[in-house]
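Read through the structure below, which is laid out as structure tokens, and then see the notes.
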Amino acid sequence: MTASFSIFVTSTEIFMIVTTQAIVLSAIKYGDTSLIVKLYTLSDGIKSYMLKGVLSSKKGKLKKGYFQPLTQLEIVANHKNKGTLESLREVKTVNFYQSLQTDVRKSSIALFLSEMLVISLQEEEVNQTLYHFISNSFQWLDMNEEIANFHISFLIELTRHLGFYPDNSHEDYPYFDLAEGEFVTSLYNEVLSEENLVNFKKFLHRDYDTSAKIKMGKTHRAELLDSMIRYYQLHLSDFKKPRSLEVLQQVFG
């Protein structure tokens, strides 16, 4: 599906009716009956919407169940593009998940990675390649069972789209400099080394199927994930550690 647009002019405002695919990043309760939802849209990148009364209405077109983390939708929305909250006219689910939101392992990953996406994509504009990467990634997660390494593989691959994918020109060097994003021979900044470095290298340039077969104990997986979060922190301004990290670590390490 490609996005479609129609421009409408009233006596008081100009707005655009947009039909596009979108992925739910977050939904925050507003007052007693409403939600503010953040979506990553194919047409416009990050967009936030006010859903008035959605928590109290039983007959409306918009149901709160549509807005679970990483649900993939087709939406019809009013976009004023003034930097304010937009509104939704219609919503339907596409690319239905079979297990992602009911399997506790997968839902833990989904919660953590949706939070990482909210933190990482705050200034993101239209990027259809990134949109399809996110969409395809979570369809893979939904359809597969060897998922203990998925979140690490996803975070490494996401850096390719964010502009700080690791430079592996000198992969034989003994350290990986987290601040510079490259392999080095000296301890100048924070680095990955020893077992953590060995495990990190295993994920570079690997797809999800190959990454799923990487063997790591819970402790080493937790250490590598902490290092990846630190890597993001060093490369993204105003980065905050995800609150859902502790839950994920309890499930996978």
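Chain labels run A, B, ... following the order of the structure tokens; each chain numbers its residues from 1, and ligands are numbered from 1 in the order shown.
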Sorted per-residue table, region 63-141 of chain A near region 161-183 of chain A, closest atoms and distance, 9 Å, only C-alpha atoms, as CSV:
residue,atom,partner,partner_atom,distance
A:Ser120,CA,A:Leu162,CA,8.1
A:Leu121,CA,A:Leu162,CA,8.4
A:Glu124,CA,A:Leu162,CA,9.0
A:Thr129,CA,A:His161,CA,8.3
A:Leu130,CA,A:His161,CA,6.3
A:Phe133,CA,A:His161,CA,9.0
For the interface of region 83-116 of chain A with region 26-37 of chain A (cut-off 9 Å, counting only C-alpha atoms), please tabulate each contacting residue of region 83-116 of chain A alongside its nearest pair of atoms and their separation in Å to one decimal, rows sorted by chain and increasing number, as a Markdown table.
| residue | atom | partner | partner_atom | distance |
| --- | --- | --- | --- | --- |
| A:Leu85 | CA | A:Ile36 | CA | 8.2 |
| A:Ser114 | CA | A:Ser26 | CA | 7.0 |
| A:Glu115 | CA | A:Ser26 | CA | 7.4 |
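Of the residues in region 51-248 of chain A, those that DSSP places in strand (DSSP E) on the basis of the backbone are Leu51, Gln72, Leu73, Glu74, Ile75, Val76, Ala77, Asn78, His79, Ser87, Leu88, Arg89, Glu90, Val91, Lys92, Thr93, Tyr175, Phe176, Asp177, Glu182, Phe183, Val184, Val191 and Leu192 of chain A.
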Close residues, region 193-200 of chain A itself excluded, 10 Å, only C-alpha atoms, min 6 positions apart in chain, as number ranges by chain = A: 152-153, 156, 173-177, 183, 187, 214-216, 220-225, 227-228
key: Separation of CA of Asn136 (chain A) from CA of Gly65 (chain A) in Å   =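 Separation of CA of Gly65 (chain A) and CA of Asn136 (chain A): 21.2 Å.
Taking CA of His235 (chain A) as the reference point, CA of Ser43 (chain A) is found at 26.2 Å.
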